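Here is coords_3.csv, consisting of CSV, C-alpha atoms:
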chain,number,residue,atom,x,y,z
A,818,MET,CA,14.1,-9.9,21.2
A,819,SER,CA,13.1,-9.3,17.6
A,820,LYS,CA,10.0,-11.0,16.2
A,821,VAL,CA,10.2,-11.9,12.5
A,822,LYS,CA,8.7,-14.7,10.4
A,823,ASP,CA,11.8,-17.0,10.1
A,824,LEU,CA,15.4,-16.3,11.1
A,825,SER,CA,16.6,-19.1,8.7
A,826,LEU,CA,15.8,-16.6,5.8
A,827,ALA,CA,18.6,-14.3,6.9
A,828,GLU,CA,21.2,-15.5,4.4
A,829,ALA,CA,18.9,-14.8,1.4
A,830,GLY,CA,18.2,-11.4,2.9
A,831,ARG,CA,21.8,-10.7,3.5
A,832,LYS,CA,22.6,-11.2,-0.2
A,833,LYS,CA,19.9,-8.8,-1.3
A,834,ILE,CA,21.1,-6.2,1.2
A,835,GLN,CA,24.6,-6.5,-0.3
A,836,TRP,CA,23.1,-5.9,-3.8
A,837,ALA,CA,21.4,-2.7,-2.5
A,838,GLU,CA,24.6,-1.6,-0.9
A,839,ASP,CA,26.4,-1.9,-4.2
A,840,HIS,CA,23.8,0.4,-5.8
A,841,MET,CA,23.5,3.0,-3.0
A,842,PRO,CA,26.8,4.9,-3.2
A,843,VAL,CA,25.6,8.1,-1.5
A,844,LEU,CA,24.3,6.3,1.6
A,845,MET,CA,27.4,4.1,1.8
A,846,LYS,CA,29.6,7.2,1.7
A,847,ILE,CA,27.5,8.7,4.6
A,848,ARG,CA,27.9,5.3,6.4
A,849,LYS,CA,31.6,5.6,6.3
A,850,ARG,CA,31.4,9.2,7.7
A,851,PHE,CA,29.0,8.1,10.4
A,852,GLU,CA,31.2,5.1,11.4
A,853,LYS,CA,34.2,7.3,11.7
A,854,GLU,CA,32.5,10.2,13.6
A,855,LYS,CA,30.0,8.1,15.5
A,856,SER,CA,27.5,10.8,14.6
A,857,LEU,CA,24.5,9.2,16.3
A,858,LYS,CA,26.2,7.8,19.4
A,859,GLY,CA,23.9,7.3,22.3
A,860,LEU,CA,20.7,7.8,20.3
A,861,THR,CA,17.8,5.4,20.2
A,862,ILE,CA,15.9,5.5,16.9
A,863,ALA,CA,12.5,3.9,16.4
A,864,ALA,CA,11.5,3.5,12.8
A,865,CYS,CA,8.3,2.5,11.0
A,866,LEU,CA,9.3,1.9,7.4
A,867,HIS,CA,8.7,-0.5,4.6
A,868,ILE,CA,11.2,-3.3,5.3
A,869,THR,CA,13.1,-3.7,2.0
A,870,LYS,CA,16.7,-4.2,1.2
A,871,GLU,CA,17.1,-0.5,0.8
A,872,THR,CA,15.7,0.2,4.2
A,873,ALA,CA,18.2,-2.3,5.6
A,874,VAL,CA,21.0,-0.2,4.2
A,875,LEU,CA,19.6,2.8,6.0
A,876,MET,CA,19.2,0.8,9.3
A,877,LYS,CA,22.8,-0.5,9.1
A,878,THR,CA,24.0,3.1,8.4
A,879,LEU,CA,22.3,4.4,11.5
A,880,LYS,CA,23.7,1.6,13.6
A,881,ALA,CA,27.2,2.3,12.2
A,882,GLY,CA,26.8,5.8,13.4
A,883,GLY,CA,26.3,4.5,17.0
A,884,ALA,CA,22.5,4.5,17.3
A,885,LYS,CA,20.4,1.8,18.8
A,886,VAL,CA,17.8,1.0,16.2
A,887,ALA,CA,14.3,-0.7,16.4
A,888,LEU,CA,12.3,-1.2,13.3
A,889,ALA,CA,8.6,-2.1,12.5
A,890,GLY,CA,7.0,-2.4,9.1
A,891,SER,CA,4.8,0.4,7.9
A,892,ASN,CA,2.4,-1.7,5.9
A,893,PRO,CA,1.0,-5.2,6.4
A,894,LEU,CA,2.1,-6.4,3.0
A,895,SER,CA,5.4,-4.5,2.4
A,896,THR,CA,7.7,-6.4,4.8
A,897,GLN,CA,10.2,-8.7,3.0
A,898,ASP,CA,10.7,-11.5,5.5
A,899,ASP,CA,14.2,-12.4,4.4
A,900,ILE,CA,15.3,-8.8,4.9
A,901,ALA,CA,13.7,-8.6,8.3
A,902,ALA,CA,15.5,-11.8,9.3
A,903,ALA,CA,18.9,-10.5,8.1
A,904,LEU,CA,18.5,-7.3,10.0
A,905,ALA,CA,17.6,-9.2,13.2
A,906,LYS,CA,20.8,-11.2,12.8
A,907,GLU,CA,22.7,-7.9,12.4
A,908,GLY,CA,21.6,-6.9,15.9
A,909,ILE,CA,18.8,-4.5,14.8
A,910,GLU,CA,15.6,-5.0,16.7
A,911,VAL,CA,12.9,-5.9,14.2
A,912,PHE,CA,9.2,-6.5,14.8
A,913,ALA,CA,7.6,-7.3,11.4
A,914,TRP,CA,6.5,-10.0,9.1
A,915,ARG,CA,4.4,-10.0,5.9
A,916,GLY,CA,0.7,-10.4,6.4
A,917,VAL,CA,0.3,-8.9,9.9
A,918,ASN,CA,-3.3,-8.1,10.9
A,919,LYS,CA,-4.3,-4.8,12.4
A,920,LYS,CA,-3.8,-5.9,16.0
A,921,GLU,CA,-0.4,-7.4,15.2
A,922,TYR,CA,0.6,-4.3,13.2
A,923,TYR,CA,0.0,-2.0,16.3
A,924,TRP,CA,1.6,-4.6,18.6
A,925,CYS,CA,4.8,-4.3,16.5
A,926,LEU,CA,4.7,-0.5,16.7
A,927,ASP,CA,4.3,-0.6,20.5
A,928,ARG,CA,7.3,-3.0,20.8
A,929,VAL,CA,9.4,-0.6,18.8
A,930,LEU,CA,8.2,2.3,21.0
A,931,ASP,CA,9.1,0.3,24.1
A,932,PHE,CA,12.7,1.2,23.4
A,933,LYS,CA,11.9,4.8,24.3
A,934,PRO,CA,13.2,6.5,21.2
A,935,ASP,CA,15.0,9.9,21.0
A,936,ILE,CA,14.2,10.1,17.3
A,937,THR,CA,11.4,8.6,15.2
A,938,MET,CA,11.5,7.7,11.5
A,939,ASP,CA,8.0,7.3,10.0
A,940,ASP,CA,6.5,6.3,6.7
A,941,GLY,CA,2.9,7.3,6.7
A,942,GLY,CA,2.6,8.7,10.2
A,943,ASP,CA,1.4,5.8,12.2
A,944,LEU,CA,4.3,5.7,14.6
A,945,VAL,CA,4.2,9.4,15.5
A,946,THR,CA,0.4,9.4,15.9
A,947,ARG,CA,0.7,6.3,18.1
A,948,ILE,CA,3.0,8.2,20.4
A,949,HIS,CA,0.7,11.3,20.5
A,950,MET,CA,-2.5,9.2,21.0
A,951,LYS,CA,-1.6,6.1,23.0
A,952,ARG,CA,2.0,6.4,24.2
A,953,LYS,CA,2.1,10.0,25.5
A,954,GLU,CA,4.6,9.1,28.2
A,955,LEU,CA,7.3,9.0,25.5
A,956,LEU,CA,6.8,12.5,24.3
A,957,LYS,CA,9.2,14.0,26.9
A,958,LYS,CA,12.1,12.0,25.6
A,959,VAL,CA,11.6,12.4,21.8
A,960,ILE,CA,13.7,15.2,20.4
A,961,GLY,CA,12.4,15.0,16.8
A,962,GLY,CA,11.4,12.8,13.9
A,963,THR,CA,11.4,12.4,10.1
A,964,GLU,CA,8.6,11.5,7.7
A,965,GLU,CA,9.2,9.7,4.4
A,966,THR,CA,5.8,10.1,2.6
A,967,THR,CA,3.4,12.7,1.3
A,968,THR,CA,0.6,11.0,3.3
A,969,GLY,CA,2.5,11.4,6.5
A,970,VAL,CA,3.5,15.0,5.9
A,971,ILE,CA,-0.1,15.8,5.3
A,972,ARG,CA,-1.1,14.3,8.6
A,973,PHE,CA,1.7,16.1,10.5
A,974,ARG,CA,0.9,19.4,9.0
A,975,ALA,CA,-2.7,18.9,10.1
A,976,MET,CA,-1.4,18.1,13.6
A,977,GLU,CA,0.7,21.2,13.6
A,978,LYS,CA,-2.3,23.3,12.5
A,979,ASP,CA,-4.4,21.9,15.3
A,980,GLY,CA,-1.6,22.5,17.9
A,981,ALA,CA,-1.4,18.7,18.5
A,982,LEU,CA,2.2,18.1,17.3
A,983,LYS,CA,4.5,17.9,20.3
A,984,TYR,CA,7.9,17.6,18.7
A,985,PRO,CA,9.6,18.7,15.4
A,986,ILE,CA,9.3,16.7,12.2
A,987,ILE,CA,11.6,16.9,9.2
A,988,ALA,CA,9.6,16.4,6.1
A,989,VAL,CA,12.0,14.2,4.2
A,990,ASN,CA,9.4,13.7,1.5
A,991,ASP,CA,9.6,17.4,0.6
A,992,ALA,CA,13.4,17.4,-0.1
A,993,TYR,CA,14.1,17.9,-3.8
A,994,THR,CA,16.4,14.9,-3.8
A,995,LYS,CA,13.5,12.8,-2.6
A,996,TYR,CA,10.3,13.7,-4.3
A,997,LEU,CA,11.7,14.7,-7.7
A,998,PHE,CA,13.3,11.3,-8.0
A,999,ASP,CA,11.8,8.8,-5.5
A,1000,ASN,CA,8.1,9.9,-6.0
A,1001,ARG,CA,8.4,10.3,-9.8
A,1002,TYR,CA,11.0,7.8,-11.1
A,1003,GLY,CA,10.8,5.3,-8.2
A,1004,THR,CA,7.0,5.1,-7.9
A,1005,GLY,CA,6.6,5.2,-11.7
A,1006,GLN,CA,8.9,2.2,-12.3
A,1007,SER,CA,8.0,0.2,-9.2
A,1008,THR,CA,4.2,0.6,-9.8
A,1009,ILE,CA,4.4,-0.7,-13.3
A,1010,ASP,CA,6.7,-3.5,-12.0
A,1011,GLY,CA,4.1,-4.5,-9.4
A,1012,ILE,CA,1.3,-4.6,-11.9
A,1013,LEU,CA,3.3,-6.7,-14.4
A,1014,ARG,CA,4.5,-9.2,-11.7
A,1015,ALA,CA,0.9,-9.6,-10.5
A,1016,THR,CA,-0.9,-9.8,-13.8
A,1017,SER,CA,1.6,-10.2,-16.7
A,1018,VAL,CA,-0.8,-8.2,-18.9
A,1019,LEU,CA,0.3,-6.2,-21.9
A,1020,ILE,CA,0.4,-2.5,-21.1
A,1021,ALA,CA,0.7,-1.3,-24.7
A,1022,GLY,CA,-2.6,-0.3,-26.2
A,1023,LYS,CA,-4.5,-0.4,-22.9
A,1024,ASN,CA,-6.4,2.6,-21.5
A,1025,PHE,CA,-4.4,3.2,-18.4
A,1026,VAL,CA,-6.1,5.5,-15.8
A,1027,VAL,CA,-4.0,7.3,-13.2
A,1028,SER,CA,-5.9,9.1,-10.4
A,1029,GLY,CA,-3.8,12.0,-9.1
A,1030,TYR,CA,-1.2,13.9,-11.0
A,1031,GLY,CA,1.2,14.7,-8.1
A,1032,TRP,CA,4.8,13.6,-8.4
A,1033,CYS,CA,3.9,9.9,-7.9
A,1034,GLY,CA,1.0,10.2,-10.5
A,1035,ARG,CA,3.3,11.9,-12.9
A,1036,GLY,CA,5.8,9.1,-12.7
A,1037,ILE,CA,3.2,6.4,-13.2
A,1038,ALA,CA,1.7,8.2,-16.2
A,1039,MET,CA,5.2,8.7,-17.7
A,1040,ARG,CA,6.1,5.1,-17.4
A,1041,ALA,CA,2.8,3.8,-18.6
A,1042,LYS,CA,3.0,6.1,-21.6
A,1043,GLY,CA,6.5,4.8,-22.3
A,1044,MET,CA,5.2,1.3,-22.5
A,1045,GLY,CA,2.6,2.2,-25.1
A,1046,ALA,CA,-0.5,2.8,-22.9
A,1047,ASN,CA,-3.2,5.4,-23.7
A,1048,VAL,CA,-2.9,7.3,-20.4
A,1049,ILE,CA,-5.9,9.0,-18.9
A,1050,ILE,CA,-5.6,11.3,-15.8
A,1051,THR,CA,-8.3,12.1,-13.2
A,1052,GLU,CA,-7.7,15.1,-10.9
A,1053,VAL,CA,-9.4,17.5,-8.6
A,1054,ASP,CA,-6.7,20.2,-8.7
A,1055,PRO,CA,-7.2,22.5,-11.8
A,1056,LEU,CA,-3.5,23.3,-12.0
A,1057,ARG,CA,-2.4,19.7,-12.0
A,1058,ALA,CA,-5.2,18.8,-14.5
A,1059,LEU,CA,-4.0,21.6,-16.8
A,1060,GLU,CA,-0.4,20.4,-16.5
A,1061,ALA,CA,-1.5,16.8,-17.4
A,1062,VAL,CA,-3.3,18.2,-20.5
A,1063,MET,CA,-0.1,20.1,-21.5
A,1064,ASP,CA,1.9,16.9,-21.0
A,1065,GLY,CA,-0.2,15.3,-23.6
A,1066,PHE,CA,-2.6,13.2,-21.5
A,1067,ARG,CA,-6.4,13.0,-21.7
A,1068,VAL,CA,-8.0,14.4,-18.5
A,1069,MET,CA,-11.6,13.5,-17.4
A,1070,PRO,CA,-13.6,12.8,-14.3
A,1071,MET,CA,-13.4,9.3,-12.9
A,1072,SER,CA,-17.1,8.8,-13.7
A,1073,GLU,CA,-16.2,9.0,-17.4
A,1074,ALA,CA,-12.8,7.2,-17.2
A,1075,VAL,CA,-14.4,4.1,-15.6
A,1076,LYS,CA,-16.4,3.4,-18.8
A,1077,ILE,CA,-13.3,3.1,-21.0
A,1078,GLY,CA,-10.4,2.2,-18.6
A,1079,ASP,CA,-8.6,-1.2,-18.7
A,1080,ILE,CA,-6.1,-0.6,-15.8
A,1081,PHE,CA,-6.7,1.8,-12.9
A,1082,VAL,CA,-4.1,3.1,-10.4
A,1083,THR,CA,-4.8,5.5,-7.6
A,1084,ALA,CA,-2.1,7.8,-6.2
A,1085,THR,CA,-3.8,10.6,-4.4
A,1086,GLY,CA,-3.4,10.1,-0.7
A,1087,ASP,CA,-7.2,10.5,-0.2
A,1088,LYS,CA,-9.9,8.0,0.5
A,1089,HIS,CA,-12.6,6.4,-1.8
A,1090,VAL,CA,-11.1,7.7,-5.0
A,1091,ILE,CA,-12.6,4.6,-6.6
A,1092,THR,CA,-16.1,3.8,-5.2
A,1093,THR,CA,-18.6,1.0,-5.8
A,1094,ARG,CA,-20.5,3.4,-8.2
A,1095,HIS,CA,-17.3,3.6,-10.2
A,1096,VAL,CA,-16.7,-0.2,-10.1
A,1097,LYS,CA,-20.2,-1.0,-11.3
A,1098,ASN,CA,-19.6,1.0,-14.5
A,1099,MET,CA,-16.2,-0.5,-15.3
A,1100,LYS,CA,-15.6,-2.9,-18.1
A,1101,SER,CA,-15.6,-6.6,-17.2
A,1102,GLY,CA,-11.9,-7.5,-16.8
A,1103,ALA,CA,-10.7,-4.2,-15.5
A,1104,VAL,CA,-7.7,-4.2,-13.2
A,1105,ILE,CA,-7.6,-2.0,-10.2
A,1106,ALA,CA,-4.5,-1.1,-8.2
A,1107,ASN,CA,-3.4,1.4,-5.6
A,1108,SER,CA,0.0,3.1,-5.2
A,1109,GLY,CA,-0.9,5.4,-2.4
A,1110,HIS,CA,0.3,4.7,1.2
A,1111,PHE,CA,-2.9,3.5,2.8
A,1112,ASN,CA,-5.5,1.0,1.4
A,1113,VAL,CA,-8.3,3.6,1.6
A,1114,GLU,CA,-8.2,4.9,-2.0
A,1115,ILE,CA,-10.2,2.0,-3.3
A,1116,ASP,CA,-13.4,1.3,-1.4
A,1117,VAL,CA,-12.6,-2.4,-0.8
A,1118,GLU,CA,-15.3,-2.9,1.8
A,1119,GLY,CA,-17.9,-1.5,-0.6
A,1120,LEU,CA,-16.6,-3.7,-3.4
A,1121,LYS,CA,-17.2,-6.8,-1.2
A,1122,LYS,CA,-20.8,-5.8,-0.8
A,1123,ILE,CA,-21.5,-5.7,-4.5
A,1124,THR,CA,-19.7,-9.0,-5.1
A,1125,LYS,CA,-21.3,-12.4,-5.7
A,1126,SER,CA,-18.0,-14.3,-5.2
A,1127,LYS,CA,-14.3,-13.7,-5.1
A,1128,ARG,CA,-11.2,-15.9,-5.4
A,1129,MET,CA,-7.4,-15.5,-5.5
A,1130,ILE,CA,-6.7,-16.3,-9.2
A,1131,ARG,CA,-3.0,-15.4,-9.1
A,1132,PRO,CA,-0.6,-14.2,-6.3
A,1133,ASN,CA,-1.7,-10.7,-5.4
A,1134,VAL,CA,-4.7,-10.8,-7.8
A,1135,GLU,CA,-8.2,-11.3,-6.5
A,1136,GLU,CA,-11.0,-11.8,-9.0
A,1137,TYR,CA,-14.3,-10.2,-7.9
A,1138,LEU,CA,-17.4,-11.6,-9.7
A,1139,LEU,CA,-19.9,-8.7,-9.2
A,1140,LYS,CA,-23.6,-9.2,-8.8
A,1141,ASN,CA,-24.1,-7.5,-12.2
A,1142,GLY,CA,-22.0,-10.3,-13.8
A,1143,LYS,CA,-18.8,-8.3,-14.4
A,1144,LYS,CA,-15.3,-9.5,-13.3
A,1145,ILE,CA,-13.0,-7.0,-11.7
A,1146,TYR,CA,-9.4,-7.8,-10.6
A,1147,LEU,CA,-8.1,-6.1,-7.5
A,1148,LEU,CA,-4.3,-6.2,-6.9
A,1149,ALA,CA,-2.6,-6.6,-3.5
A,1150,GLU,CA,-5.8,-6.1,-1.5
A,1151,GLY,CA,-5.8,-2.5,-2.5
A,1152,ARG,CA,-2.5,-1.9,-0.7
A,1153,LEU,CA,0.5,-0.2,-2.4
A,1154,VAL,CA,1.0,-2.5,-5.3
A,1155,ASN,CA,4.7,-1.6,-5.9
A,1156,LEU,CA,5.7,-3.0,-2.5
A,1157,ALA,CA,3.1,-5.7,-2.0
A,1158,ALA,CA,3.5,-7.2,-5.5
A,1159,ALA,CA,7.0,-6.2,-6.3
A,1160,GLU,CA,10.2,-5.0,-4.4
A,1161,GLY,CA,9.5,-1.3,-4.1
A,1162,HIS,CA,11.6,1.5,-5.5
A,1163,PRO,CA,15.0,0.7,-7.2
A,1164,SER,CA,18.0,1.0,-4.9
A,1165,GLU,CA,19.5,3.8,-6.9
A,1166,VAL,CA,16.5,6.1,-6.2
A,1167,MET,CA,16.2,5.1,-2.5
A,1168,ASP,CA,19.9,6.0,-2.2
A,1169,MET,CA,18.9,9.7,-2.1
A,1170,SER,CA,15.8,9.3,-0.1
A,1171,PHE,CA,17.5,7.4,2.7
A,1172,ALA,CA,20.5,9.7,2.5
A,1173,ASN,CA,18.1,12.4,3.5
A,1174,GLN,CA,16.8,10.3,6.4
A,1175,ALA,CA,20.3,9.7,7.7
A,1176,LEU,CA,21.5,13.3,7.5
A,1177,SER,CA,18.2,14.6,8.9
A,1178,ALA,CA,18.6,12.4,11.9
A,1179,ARG,CA,22.1,13.9,12.5
A,1180,TYR,CA,20.6,17.4,11.9
A,1181,ILE,CA,17.9,16.8,14.6
A,1182,LEU,CA,20.6,15.7,17.1
A,1183,LYS,CA,22.8,18.7,16.3
A,1184,ASN,CA,19.8,21.1,16.8
A,1185,LYS,CA,18.4,19.4,19.9
A,1186,GLY,CA,16.3,21.9,21.8
A,1187,ARG,CA,16.3,24.5,19.1
A,1188,LEU,CA,13.5,23.3,16.9
A,1189,GLU,CA,9.9,24.0,17.7
A,1190,PRO,CA,7.1,21.4,17.4
A,1191,LYS,CA,6.6,22.1,13.7
A,1192,VAL,CA,7.0,20.4,10.3
A,1193,TYR,CA,10.3,21.5,8.8
A,1194,LYS,CA,11.8,21.1,5.3
A,1195,VAL,CA,15.1,19.3,4.9
A,1196,PRO,CA,17.7,22.1,5.0
A,1197,SER,CA,18.8,23.1,1.5
A,1198,LYS,CA,22.4,22.4,2.5
A,1199,ILE,CA,21.6,18.7,3.0
A,1200,ASP,CA,19.6,18.6,-0.2
A,1201,LEU,CA,22.4,20.0,-2.3
A,1202,GLU,CA,25.1,17.9,-0.6
A,1203,ILE,CA,23.1,14.7,-1.6
A,1204,ALA,CA,22.7,15.9,-5.1
A,1205,ARG,CA,26.4,16.6,-5.4
A,1206,LEU,CA,27.3,13.2,-4.0
A,1207,LYS,CA,24.9,11.5,-6.4
A,1208,LEU,CA,26.3,13.3,-9.4
A,1209,LYS,CA,29.8,12.3,-8.4
A,1210,ALA,CA,28.7,8.7,-8.0
A,1211,LEU,CA,27.3,8.8,-11.5
A,1212,GLY,CA,30.5,10.3,-12.9
A,1213,VAL,CA,28.7,13.5,-13.9
A,1214,LYS,CA,30.4,16.9,-13.8
A,1215,ILE,CA,28.7,20.3,-13.9
A,1216,ASP,CA,29.7,23.9,-14.3
A,1217,THR,CA,30.5,26.4,-11.5
A,1218,LEU,CA,29.7,30.1,-11.5
A,1219,THR,CA,32.6,32.5,-12.0
A,1220,LYS,CA,33.0,35.4,-9.6
A,1221,ASP,CA,31.6,37.8,-12.1
A,1222,GLN,CA,28.5,35.6,-12.7
A,1223,THR,CA,28.0,35.3,-8.9
A,1224,LYS,CA,28.3,39.1,-8.5
A,1225,TYR,CA,25.8,39.6,-11.4
A,1226,LEU,CA,23.2,37.4,-9.9
A,1227,SER,CA,23.4,39.2,-6.6
A,1228,SER,CA,23.1,42.7,-8.0
A,1229,TRP,CA,20.3,44.7,-9.5
A,1230,LYS,CA,22.0,47.7,-11.2
A,1231,GLU,CA,23.3,46.0,-14.3
A,1232,GLY,CA,20.6,45.9,-17.0
A,1233,THR,CA,20.2,46.3,-20.8
Once more with this new file: its structure as C-alpha cells, please.
Amino acid sequence: MSKVKDLSLAEAGRKKIQWAEDHMPVLMKIRKRFEKEKSLKGLTIAACLHITKETAVLMKTLKAGGAKVALAGSNPLSTQDDIAAALAKEGIEVFAWRGVNKKEYYWCLDRVLDFKPDITMDDGGDLVTRIHMKRKELLKKVIGGTEETTTGVIRFRAMEKDGALKYPIIAVNDAYTKYLFDNRYGTGQSTIDGILRATSVLIAGKNFVVSGYGWCGRGIAMRAKGMGANVIITEVDPLRALEAVMDGFRVMPMSEAVKIGDIFVTATGDKHVITTRHVKNMKSGAVIANSGHFNVEIDVEGLKKITKSKRMIRPNVEEYLLKNGKKIYLLAEGRLVNLAAAEGHPSEVMDMSFANQALSARYILKNKGRLEPKVYKVPSKIDLEIARLKLKALGVKIDTLTKDQTKYLSSWKEGT
C-alpha cells in the first residue's frame, strides 16, 4: 500500500538505519521498553516528518511498541528515498518520495490520514492543519498529537488562541532536551554541512549573515564562527539582538548586511526575510540559503521576476543571473538546506528529540481524555529522564544533592 520512489533502494536504506540505531542509544533503550510493555498497542499513529535514517529509528520504535504507523514526508526535498523504501519493507506505511509537487505532497498527507489516526506526529504543522481544515471527520478519533518544530508550535499556539485547535498537542520542540541540542547543535552543524556539500566554498574569511538569533540561529552562528567566518546577525527582537552583540557578533539590519555579506542563511520562521530589494543590493556571487522549515523566508518568486536567466550549476545550487548583471546562488530552491542538500541533524542529537516524541506519544495515551485542546509542554519528568539516559549513554556521571542540601533549597529561614 506504500508509495515510494523505488523499493529496490531498501537495502541501502536499511544499512543507514542500522548506523543511526548504533548512534541513538536513548531511543533504542526506549524501544526495548516499548517492545516489552507494548506501550502503544492498538494505536494508529499518523506522522508527517522528514524521512531520514533517524526518523526511521523512531518509526520502528513506535511499531515495536505495538502501534500501526503511517508516514508522509514533511518537505518536498527532505525525503531520503532509500530510507522510505527500507521502512516500507519493514511494514510501515510510507507515502513519500523526494521532489513531490504541491498536489502530490497533500495527496501523501491524505493517504496517511486515511488510516484514521489516534495520534498525530507533525513537523511544521501541515498534518494537523489538514485535519482541521479538510479532514474534519477525523477529529472525533484523534486523542492528541506532537509537534517537532518551532514553526509548527507557533501555528498551533495561534490555533489555540483562535479557539480553532480541537485536540491537545505536545510541543516536543519546547523540551529542553530538544531545542537546547537539536535546534542549536543539530541545526548548526547540519546547515553548515548542507552549504558545504552544495557549494564546496571556503567558510573562513567570509562575511556570513545569519538572520534570526533563536536557538537555530545561535547554532548556525556558532558553527560558522568556529570555521573562521565573520558572522553578522540580523534580528527584530531587541533582547536577542543584544545577546548576539554580547556573544561577540556584529548586528545590523538586513538592508546593511546585504551590501557586505558573502553567505546568507535565514532561520526565523517568518516570510520574506530576504526580499528582491535585498537581493538587488547583494554582491555578485552571494550565496543564499534557508534553514527554516518552510520555503517562504526567501522571496523566491520575487527573485525569479528580477532574473534574466537561471541554471542549475551544481546539485542543489541554482545560479540566478539578475537583470542588473549580478549573479546570485540560491541553494536547495530556498528549502531547508540541511535536509535538502545534506542528511539533516546528526543521529546523536535526534536521539533526544525522537525520544521525546516516543515518550510523548505514550504520555498522550496514558492521559487520554484528560488533556484539553491546548498546546502543552513536554512534562519535565520526561525531559529529565531523557537527559539522564543520554548522560548514562555518554558515560558521564553527575553529583546528587545531600538531604541537607535538598532541605536548604526548600527552606527560607536560613540566611547569612
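Distance annotation: of A:Arg1035, A:Arg1128, A:Lys1209, A:Lys877, the residue with the minimal separation from Ala837 in chain A is A:Lys877; atom set is only C-alpha atoms.
Residues within 6 Å of range 1006-1020 of chain A, counting only C-alpha atoms and excluding same-chain residues fewer than 6 positions away, are Ala1046, Asn1133, Val1154, Asn1155, Ala1158, Ala1159, Gly1161 and His1162 of chain A.
Considering the residues A:Ala884, A:Leu1208, A:Leu1120, A:Val1026 and counting all atoms listed in the file, Leu1138 in chain A has its shortest atom-to-atom contact with A:Leu1120.
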Item checked: Selection near Arg848 in chain A, 8 Å with all atoms listed in the file, sequence-local residues under 3 positions removed, as a list in words -> Leu844, Met845, Phe851, Glu852, Thr878, Leu879, Ala881 and Gly882 of chain A
Please dump the current selection as a PDB file, in the frame of the given file; keep C-alpha atoms.
ATOM      1  CA  LEU A 844      24.300   6.300   1.600  1.00  0.00           C
ATOM      2  CA  MET A 845      27.400   4.100   1.800  1.00  0.00           C
ATOM      3  CA  PHE A 851      29.000   8.100  10.400  1.00  0.00           C
ATOM      4  CA  GLU A 852      31.200   5.100  11.400  1.00  0.00           C
ATOM      5  CA  THR A 878      24.000   3.100   8.400  1.00  0.00           C
ATOM      6  CA  LEU A 879      22.300   4.400  11.500  1.00  0.00           C
ATOM      7  CA  ALA A 881      27.200   2.300  12.200  1.00  0.00           C
ATOM      8  CA  GLY A 882      26.800   5.800  13.400  1.00  0.00           C
TER       9      GLY A 882
END
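Counting from CA of Leu955 in chain A, the distance to CA of Gly908 in chain A is 23.4 Å.
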Notebook entry, point to check: If we count only C-alpha atoms, what is near range 977-991 of chain A at a cut-off of 10 Å, once residues fewer than 6 positions away on the same chain are taken out, given as a PyMOL selection string?
Noted result: chain A and resi 936-940+945-946+948-950+953+956-971+997+999-1000+1170-1174+1177-1178+1180-1181+1185-1196+1200
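A straight line drawn from CA of Lys1097 in chain A to CA of Pro1070 in chain A is 15.6 Å long.
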Could you give me, as a CSV table (one decimal) with C-alpha atoms, keeping the file's coordinate frame, the residues within 10 Å of range 821-833 of chain A, counting all atoms listed in the file and dropping anything in the same chain fewer than 2 positions from it?
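Heads up, here's the output in around.csv:
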chain,number,residue,atom,x,y,z
A,818,MET,CA,14.1,-9.9,21.2
A,819,SER,CA,13.1,-9.3,17.6
A,835,GLN,CA,24.6,-6.5,-0.3
A,836,TRP,CA,23.1,-5.9,-3.8
A,837,ALA,CA,21.4,-2.7,-2.5
A,838,GLU,CA,24.6,-1.6,-0.9
A,839,ASP,CA,26.4,-1.9,-4.2
A,869,THR,CA,13.1,-3.7,2.0
A,870,LYS,CA,16.7,-4.2,1.2
A,871,GLU,CA,17.1,-0.5,0.8
A,873,ALA,CA,18.2,-2.3,5.6
A,889,ALA,CA,8.6,-2.1,12.5
A,896,THR,CA,7.7,-6.4,4.8
A,897,GLN,CA,10.2,-8.7,3.0
A,898,ASP,CA,10.7,-11.5,5.5
A,899,ASP,CA,14.2,-12.4,4.4
A,900,ILE,CA,15.3,-8.8,4.9
A,901,ALA,CA,13.7,-8.6,8.3
A,902,ALA,CA,15.5,-11.8,9.3
A,903,ALA,CA,18.9,-10.5,8.1
A,904,LEU,CA,18.5,-7.3,10.0
A,905,ALA,CA,17.6,-9.2,13.2
A,906,LYS,CA,20.8,-11.2,12.8
A,907,GLU,CA,22.7,-7.9,12.4
A,910,GLU,CA,15.6,-5.0,16.7
A,911,VAL,CA,12.9,-5.9,14.2
A,912,PHE,CA,9.2,-6.5,14.8
A,913,ALA,CA,7.6,-7.3,11.4
A,914,TRP,CA,6.5,-10.0,9.1
A,915,ARG,CA,4.4,-10.0,5.9
A,916,GLY,CA,0.7,-10.4,6.4
Item checked: Long-range neighbours of Val1053 in chain A as a list in words, 12 Å cut-off, only C-alpha atoms, 6 positions minimum in chain -> Ser1028, Gly1029, Tyr1030, Gly1031, Leu1059, Ala1061, Val1068, Met1069, Pro1070, Met1071, Thr1085, Asp1087 and Val1090 of chain A
Selected residues, C-alpha atoms, written as a compact mmCIF listing (two decimals), in the frame of the given file, please.
# COMPACT_ATOMS: atom_id res chain seq x y z
CA SER A 1028 -5.90 9.10 -10.40
CA GLY A 1029 -3.80 12.00 -9.10
CA TYR A 1030 -1.20 13.90 -11.00
CA GLY A 1031 1.20 14.70 -8.10
CA LEU A 1059 -4.00 21.60 -16.80
CA ALA A 1061 -1.50 16.80 -17.40
CA VAL A 1068 -8.00 14.40 -18.50
CA MET A 1069 -11.60 13.50 -17.40
CA PRO A 1070 -13.60 12.80 -14.30
CA MET A 1071 -13.40 9.30 -12.90
CA THR A 1085 -3.80 10.60 -4.40
CA ASP A 1087 -7.20 10.50 -0.20
CA VAL A 1090 -11.10 7.70 -5.00
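One finds CA of Ala1106 in chain A at 23.4 Å from CA of Lys995 in chain A.
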Next item on the list: Take the point (-0.6, 4.7, -22.7) as written in the file and pick out every residue within 7 Å of it, counting all atoms listed in the file; give the list as number ranges by chain.
Entry: A: 1021-1025, 1041-1042, 1044-1048
Item checked: Residue nearest Leu1206 in chain A - candidates A:His840, A:Arg1152, A:Lys846, A:Lys1144, atoms counted: only C-alpha atoms -> A:Lys846
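Considering the residues A:Ile1105, A:Leu1148, A:Leu1156, A:Ile1050 and counting all atoms listed in the file, Phe1066 in chain A has its shortest atom-to-atom contact with A:Ile1050.
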